[in-house]
$ cat start_15.csv   # CSV, C-alpha atoms and all ligand atoms
chain,number,residue,atom,x,y,z
A,1400,MET,CA,107.8,41.9,0.3
A,1401,ARG,CA,107.3,44.1,3.3
A,1402,LEU,CA,106.4,47.7,2.5
A,1403,PRO,CA,107.8,50.7,4.5
A,1404,LYS,CA,105.5,51.3,7.5
A,1405,ALA,CA,104.5,54.8,6.4
A,1406,LEU,CA,103.4,53.4,3.0
A,1407,GLU,CA,101.5,50.5,4.6
A,1408,GLU,CA,99.7,52.8,6.9
A,1409,LEU,CA,98.5,55.1,4.1
A,1410,ILE,CA,97.3,52.1,2.1
A,1411,ASN,CA,95.4,50.9,5.1
A,1412,SER,CA,93.8,54.3,5.5
A,1413,PHE,CA,92.7,54.5,1.9
A,1414,GLU,CA,91.3,51.0,2.2
A,1415,GLN,CA,88.8,52.1,4.8
A,1416,LEU,CA,87.2,54.5,2.4
A,1417,PRO,CA,84.0,53.4,0.6
A,1418,GLY,CA,84.5,52.1,-2.9
A,1419,ILE,CA,88.3,51.7,-2.5
A,1420,GLY,CA,89.8,48.2,-2.7
A,1421,PRO,CA,93.4,47.2,-1.9
A,1422,LYS,CA,94.6,47.8,-5.4
A,1423,THR,CA,93.3,51.3,-5.7
A,1424,ALA,CA,94.5,52.0,-2.2
A,1425,ALA,CA,98.0,51.0,-3.2
A,1426,ARG,CA,97.9,52.9,-6.5
A,1427,LEU,CA,96.8,56.1,-4.7
A,1428,SER,CA,99.5,55.7,-2.1
A,1429,PHE,CA,102.3,55.2,-4.6
A,1430,TYR,CA,101.0,58.1,-6.6
A,1431,LEU,CA,101.2,60.4,-3.6
A,1432,LEU,CA,104.8,59.2,-3.0
A,1433,HIS,CA,105.7,61.0,-6.2
A,1434,THR,CA,104.0,64.3,-5.5
A,1435,PRO,CA,105.8,67.3,-4.0
A,1436,GLN,CA,106.0,67.5,-0.2
A,1437,GLY,CA,104.1,70.8,-0.4
A,1438,TYR,CA,101.1,69.1,-1.9
A,1439,LEU,CA,101.3,66.4,0.7
A,1440,ASP,CA,101.4,68.9,3.5
A,1441,SER,CA,98.3,70.7,2.3
A,1442,PHE,CA,96.5,67.4,1.6
A,1443,GLY,CA,97.2,66.3,5.2
A,1444,GLN,CA,96.2,69.6,6.6
A,1445,ALA,CA,92.9,69.5,4.7
A,1446,VAL,CA,92.1,66.1,6.3
A,1447,ILE,CA,93.1,67.4,9.7
A,1448,ASN,CA,90.9,70.5,9.3
A,1449,LEU,CA,87.9,68.6,7.9
A,1450,LYS,CA,86.1,68.0,11.2
A,1451,LYS,CA,87.8,70.8,13.2
A,1452,ASN,CA,86.5,73.5,10.9
A,1453,THR,CA,83.0,72.3,10.1
A,1454,VAL,CA,79.9,72.3,12.3
A,1455,GLU,CA,76.5,70.8,12.0
A,1456,CYS,CA,73.8,73.4,11.7
A,1457,SER,CA,71.5,73.1,14.7
A,1458,PHE,CA,68.4,73.9,12.7
A,1459,CYS,CA,68.8,71.9,9.5
A,1460,HIS,CA,71.7,69.5,10.4
A,1461,ASN,CA,73.5,70.4,7.3
A,1462,VAL,CA,77.3,70.4,7.4
A,1463,ALA,CA,78.4,74.0,7.5
A,1464,GLN,CA,81.1,76.5,8.5
A,1465,SER,CA,78.8,78.4,10.8
A,1466,ASP,CA,75.8,77.6,13.0
A,1467,PRO,CA,73.1,78.5,11.7
A,1468,CYS,CA,74.3,77.6,8.3
A,1469,LEU,CA,74.2,80.1,5.4
A,1470,ILE,CA,71.0,78.7,4.0
A,1471,CYS,CA,69.2,78.9,7.3
A,1472,GLN,CA,70.5,82.5,7.7
A,1473,ASP,CA,69.5,83.6,4.2
A,1474,LYS,CA,66.5,86.0,4.4
A,1475,GLN,CA,66.0,85.8,0.7
A,1476,ARG,CA,65.1,82.1,1.0
A,1477,ASN,CA,61.6,81.0,1.9
A,1478,GLN,CA,62.1,79.6,5.4
A,1479,LYS,CA,58.5,78.3,5.3
A,1480,ILE,CA,59.2,75.6,2.8
A,1481,ILE,CA,61.3,72.8,4.1
A,1482,CYS,CA,62.8,70.1,1.9
A,1483,VAL,CA,63.7,66.9,3.8
A,1484,VAL,CA,66.7,65.0,2.5
A,1485,GLU,CA,68.6,62.0,3.7
A,1486,GLN,CA,72.2,63.3,3.3
A,1487,PRO,CA,74.1,66.5,2.9
A,1488,MET,CA,75.1,65.3,-0.6
A,1489,ASP,CA,71.4,65.2,-1.6
A,1490,LEU,CA,71.1,68.8,-0.4
A,1491,LEU,CA,74.1,69.7,-2.6
A,1492,SER,CA,72.5,68.0,-5.6
A,1493,ILE,CA,69.2,70.0,-5.2
A,1494,GLU,CA,71.2,73.2,-4.7
A,1495,ARG,CA,73.0,72.7,-8.0
A,1496,THR,CA,69.7,72.8,-9.8
A,1497,ASN,CA,69.2,76.5,-8.7
A,1498,GLN,CA,65.5,75.7,-8.6
A,1499,PHE,CA,64.8,75.5,-4.9
A,1500,ARG,CA,64.5,78.7,-2.8
A,1501,GLY,CA,63.3,77.1,0.4
A,1502,VAL,CA,65.3,75.6,3.2
A,1503,TYR,CA,66.3,72.0,4.2
A,1504,HIS,CA,66.3,69.4,6.9
A,1505,VAL,CA,69.0,66.8,6.7
A,1506,LEU,CA,68.0,63.5,8.3
A,1507,HIS,CA,71.5,61.9,8.1
A,1508,GLY,CA,70.0,58.5,7.2
A,1509,ALA,CA,66.8,56.7,6.5
A,1510,ILE,CA,64.6,54.3,8.4
A,1511,ASN,CA,66.0,50.8,7.9
A,1512,PRO,CA,64.6,48.1,10.1
A,1513,LEU,CA,67.1,45.5,8.8
A,1514,GLN,CA,70.0,47.6,10.2
A,1515,SER,CA,68.0,48.6,13.3
A,1516,ILE,CA,67.8,52.2,12.2
A,1517,GLY,CA,64.5,53.5,13.5
A,1518,PRO,CA,63.0,57.0,13.5
A,1519,GLU,CA,65.0,57.8,16.7
A,1520,GLU,CA,68.3,57.2,15.0
A,1521,ILE,CA,67.9,59.9,12.4
A,1522,ASN,CA,67.0,63.6,12.7
A,1523,ILE,CA,63.2,63.2,12.7
A,1524,ASP,CA,62.5,64.5,16.2
A,1525,SER,CA,64.2,67.9,15.5
A,1526,LEU,CA,62.2,68.2,12.2
A,1527,ILE,CA,58.9,67.6,14.1
A,1528,ARG,CA,59.9,70.1,16.7
A,1529,ARG,CA,60.9,72.6,14.1
A,1530,ILE,CA,57.5,72.3,12.4
A,1531,GLU,CA,55.5,72.2,15.6
A,1532,VAL,CA,56.7,75.6,16.8
A,1533,ASP,CA,56.2,77.3,13.4
A,1534,TYR,CA,52.7,78.0,12.5
A,1535,GLY,CA,53.6,79.7,9.3
A,1536,ILE,CA,55.0,76.5,7.6
A,1537,GLU,CA,53.7,76.3,4.0
A,1538,GLU,CA,55.1,73.1,2.6
A,1539,ILE,CA,57.2,70.1,3.6
A,1540,ILE,CA,58.8,68.4,0.6
A,1541,LEU,CA,59.8,64.8,1.3
A,1542,ALA,CA,62.8,64.3,-0.8
A,1543,THR,CA,64.1,61.1,0.6
A,1544,ASN,CA,65.4,58.6,-1.9
A,1545,SER,CA,63.0,56.4,-3.9
A,1546,GLY,CA,64.4,53.1,-2.6
A,1547,MET,CA,62.8,51.0,0.2
A,1548,GLU,CA,64.3,52.9,3.1
A,1549,GLY,CA,63.6,56.3,1.5
A,1550,GLU,CA,60.0,55.3,0.9
A,1551,ALA,CA,59.6,53.9,4.4
A,1552,THR,CA,61.0,57.2,5.8
A,1553,ALA,CA,58.7,59.3,3.7
A,1554,MET,CA,55.7,57.3,4.8
A,1555,TYR,CA,56.6,57.5,8.4
A,1556,LEU,CA,57.1,61.3,8.1
A,1557,LYS,CA,53.8,61.7,6.4
A,1558,ARG,CA,51.9,60.0,9.2
A,1559,GLU,CA,53.6,62.3,11.8
A,1560,LEU,CA,53.0,65.4,9.6
A,1561,VAL,CA,49.4,64.7,9.1
A,1562,LYS,CA,49.0,64.5,12.9
A,1563,ILE,CA,50.4,68.0,13.2
A,1564,ASN,CA,48.3,69.3,10.3
A,1565,GLN,CA,45.1,68.0,11.9
A,1566,GLU,CA,45.5,70.5,14.7
A,1567,ARG,CA,46.1,73.4,12.5
A,1568,LYS,CA,43.7,75.9,10.9
A,1569,SER,CA,46.0,76.8,8.1
A,1570,LYS,CA,47.5,73.6,6.9
A,1571,PHE,CA,50.8,73.1,5.2
A,1572,ARG,CA,51.2,71.1,2.1
A,1573,ILE,CA,53.0,67.7,2.3
A,1574,SER,CA,54.6,66.8,-1.0
A,1575,ARG,CA,56.8,64.1,-2.3
A,1576,MET,CA,59.6,64.6,-4.8
A,1577,GLY,CA,60.2,61.8,-7.1
A,1578,GLN,CA,58.5,62.0,-10.4
A,1579,GLY,CA,61.0,61.2,-13.1
A,1580,LEU,CA,63.5,59.8,-10.7
A,1581,PRO,CA,64.3,56.2,-11.4
A,1582,VAL,CA,63.0,53.9,-8.7
A,1583,GLY,CA,65.7,53.0,-6.2
A,1584,ALA,CA,68.1,55.7,-7.5
A,1585,ASP,CA,69.8,58.0,-5.0
A,1586,LEU,CA,69.2,61.7,-5.4
A,1587,GLU,CA,72.9,62.1,-5.3
A,1588,TYR,CA,73.4,60.4,-8.7
A,1589,ALA,CA,70.5,62.1,-10.5
A,1590,ASP,CA,71.5,64.7,-13.1
A,1591,GLU,CA,70.4,68.3,-12.7
A,1592,ALA,CA,67.7,68.2,-15.4
A,1593,THR,CA,66.0,65.1,-13.8
A,1594,LEU,CA,66.2,66.7,-10.4
A,1595,ARG,CA,64.7,69.9,-11.6
A,1596,GLN,CA,61.9,68.0,-13.2
A,1597,ALA,CA,61.3,65.9,-10.0
A,1598,LEU,CA,61.2,69.1,-8.0
A,1599,GLU,CA,58.8,70.9,-10.3
A,1600,GLY,CA,56.6,67.9,-10.7
A,1601,ARG,CA,56.4,67.1,-7.0
A,1602,ARG,CA,53.0,65.8,-6.0
A,1603,SER,CA,50.9,66.1,-2.9
A,1604,TYR,CA,51.6,63.1,-0.8
B,1,ZN,ZN,70.9,75.2,8.5
$ encode --input "start_15.csv" --output "structure tokens" --more "lines below"
Ligand SMILES: [Zn+2]
Amino acid sequence: MRLPKALEELINSFEQLPGIGPKTAARLSFYLLHTPQGYLDSFGQAVINLKKNTVECSFCHNVAQSDPCLICQDKQRNQKIICVVEQPMDLLSIERTNQFRGVYHVLHGAINPLQSIGPEEINIDSLIRRIEVDYGIEEIILATNSGMEGEATAMYLKRELVKINQERKSKFRISRMGQGLPVGADLEYADEATLRQALEGRRSY
């Protein structure tokens, strides 16, 4: 049976999304067919606006509504403590713990030689520059995931940070978040209590 073109197109679009197979794509599309047109209009508009109405913060690379983002603008937060995460979703997870009052740097990835993702492919240069020009930095928390890529990224960053620290009188602390986090688990999936513990129990690295 040949489906109406509009339905087929929607199914194809859903299928492109991570974790969605052909069956789920079809189920979602048929579900939408039975929702009011008003809902579909606002759903479509939300998709259209997604990229148009968001920017990447030029300081921390977080996805935001303004540049600098609200976190980088916030004078109440300690701008001298930078927590380095792989993805905006990781930042969101840490924010939900209400435990961290520093700022962030979002790498948008991790070093992965198997996929030819080197340090140049993620936001490492901008992090180094950010630290190099700021002599007041107190701590860099490496909060990349505990899997192979996350560890490789943390190790690479540590080497670079130690070099910067060597030339400084007042050195910043380099720490690694991870205690209590299951090995290989993404920050994104850790519950708040575990994350809070991992943040509190961060060790010098
Ligand atoms: Zn920012």
$ atom_distance --input "start_15.csv" --atom1 "CA of Tyr1534 in chain A" --atom2 "CA of Cys1471 in chain A"
17.3 Å
$ residues_near_ligand --input "start_15.csv" --ligand "ligand ZN 1 (chain B)" --cutoff "8 Å" --atoms "only C-alpha atoms and all ligand atoms" --output "list in words"
Glu1455, Cys1456, Ser1457, Phe1458, Cys1459, His1460, Asn1461, Ala1463, Asp1466, Pro1467, Cys1468, Leu1469, Ile1470, Cys1471, Gln1472, Val1502, Tyr1503 and His1504 of chain A
$ atom_distance --input "start_15.csv" --atom1 "CA of Arg1595 in chain A" --atom2 "CA of Met1488 in chain A"
15.8 Å
$ closest_residue --input "start_15.csv" --among "A:Ser1574, A:Gln1444, A:Asn1511, A:Gln1565" --to "Ala1551 in chain A" --atoms "all atoms listed in the file"
A:Asn1511
$ residues_near_point --input "start_15.csv" --point "(98.0, 51.9, 4.1)" --cutoff "12 Å" --atoms "only C-alpha atoms" --output "compact mmCIF listing (two decimals) with C-alpha atoms, keeping the file's coordinate frame"
# COMPACT_ATOMS: atom_id res chain seq x y z
CA LEU A 1402 106.40 47.70 2.50
CA PRO A 1403 107.80 50.70 4.50
CA LYS A 1404 105.50 51.30 7.50
CA ALA A 1405 104.50 54.80 6.40
CA LEU A 1406 103.40 53.40 3.00
CA GLU A 1407 101.50 50.50 4.60
CA GLU A 1408 99.70 52.80 6.90
CA LEU A 1409 98.50 55.10 4.10
CA ILE A 1410 97.30 52.10 2.10
CA ASN A 1411 95.40 50.90 5.10
CA SER A 1412 93.80 54.30 5.50
CA PHE A 1413 92.70 54.50 1.90
CA GLU A 1414 91.30 51.00 2.20
CA GLN A 1415 88.80 52.10 4.80
CA LEU A 1416 87.20 54.50 2.40
CA ILE A 1419 88.30 51.70 -2.50
CA GLY A 1420 89.80 48.20 -2.70
CA PRO A 1421 93.40 47.20 -1.90
CA LYS A 1422 94.60 47.80 -5.40
CA THR A 1423 93.30 51.30 -5.70
CA ALA A 1424 94.50 52.00 -2.20
CA ALA A 1425 98.00 51.00 -3.20
CA ARG A 1426 97.90 52.90 -6.50
CA LEU A 1427 96.80 56.10 -4.70
CA SER A 1428 99.50 55.70 -2.10
CA PHE A 1429 102.30 55.20 -4.60
CA LEU A 1431 101.20 60.40 -3.60
$ closest_residue --input "start_15.csv" --among "A:Ala1553, A:Met1576, A:Val1561, A:Ile1539" --to "Gly1508 in chain A" --atoms "only C-alpha atoms"
A:Ala1553
$ atom_distance --input "start_15.csv" --atom1 "CA of Asn1522 in chain A" --atom2 "CA of Leu1506 in chain A"
4.5 Å
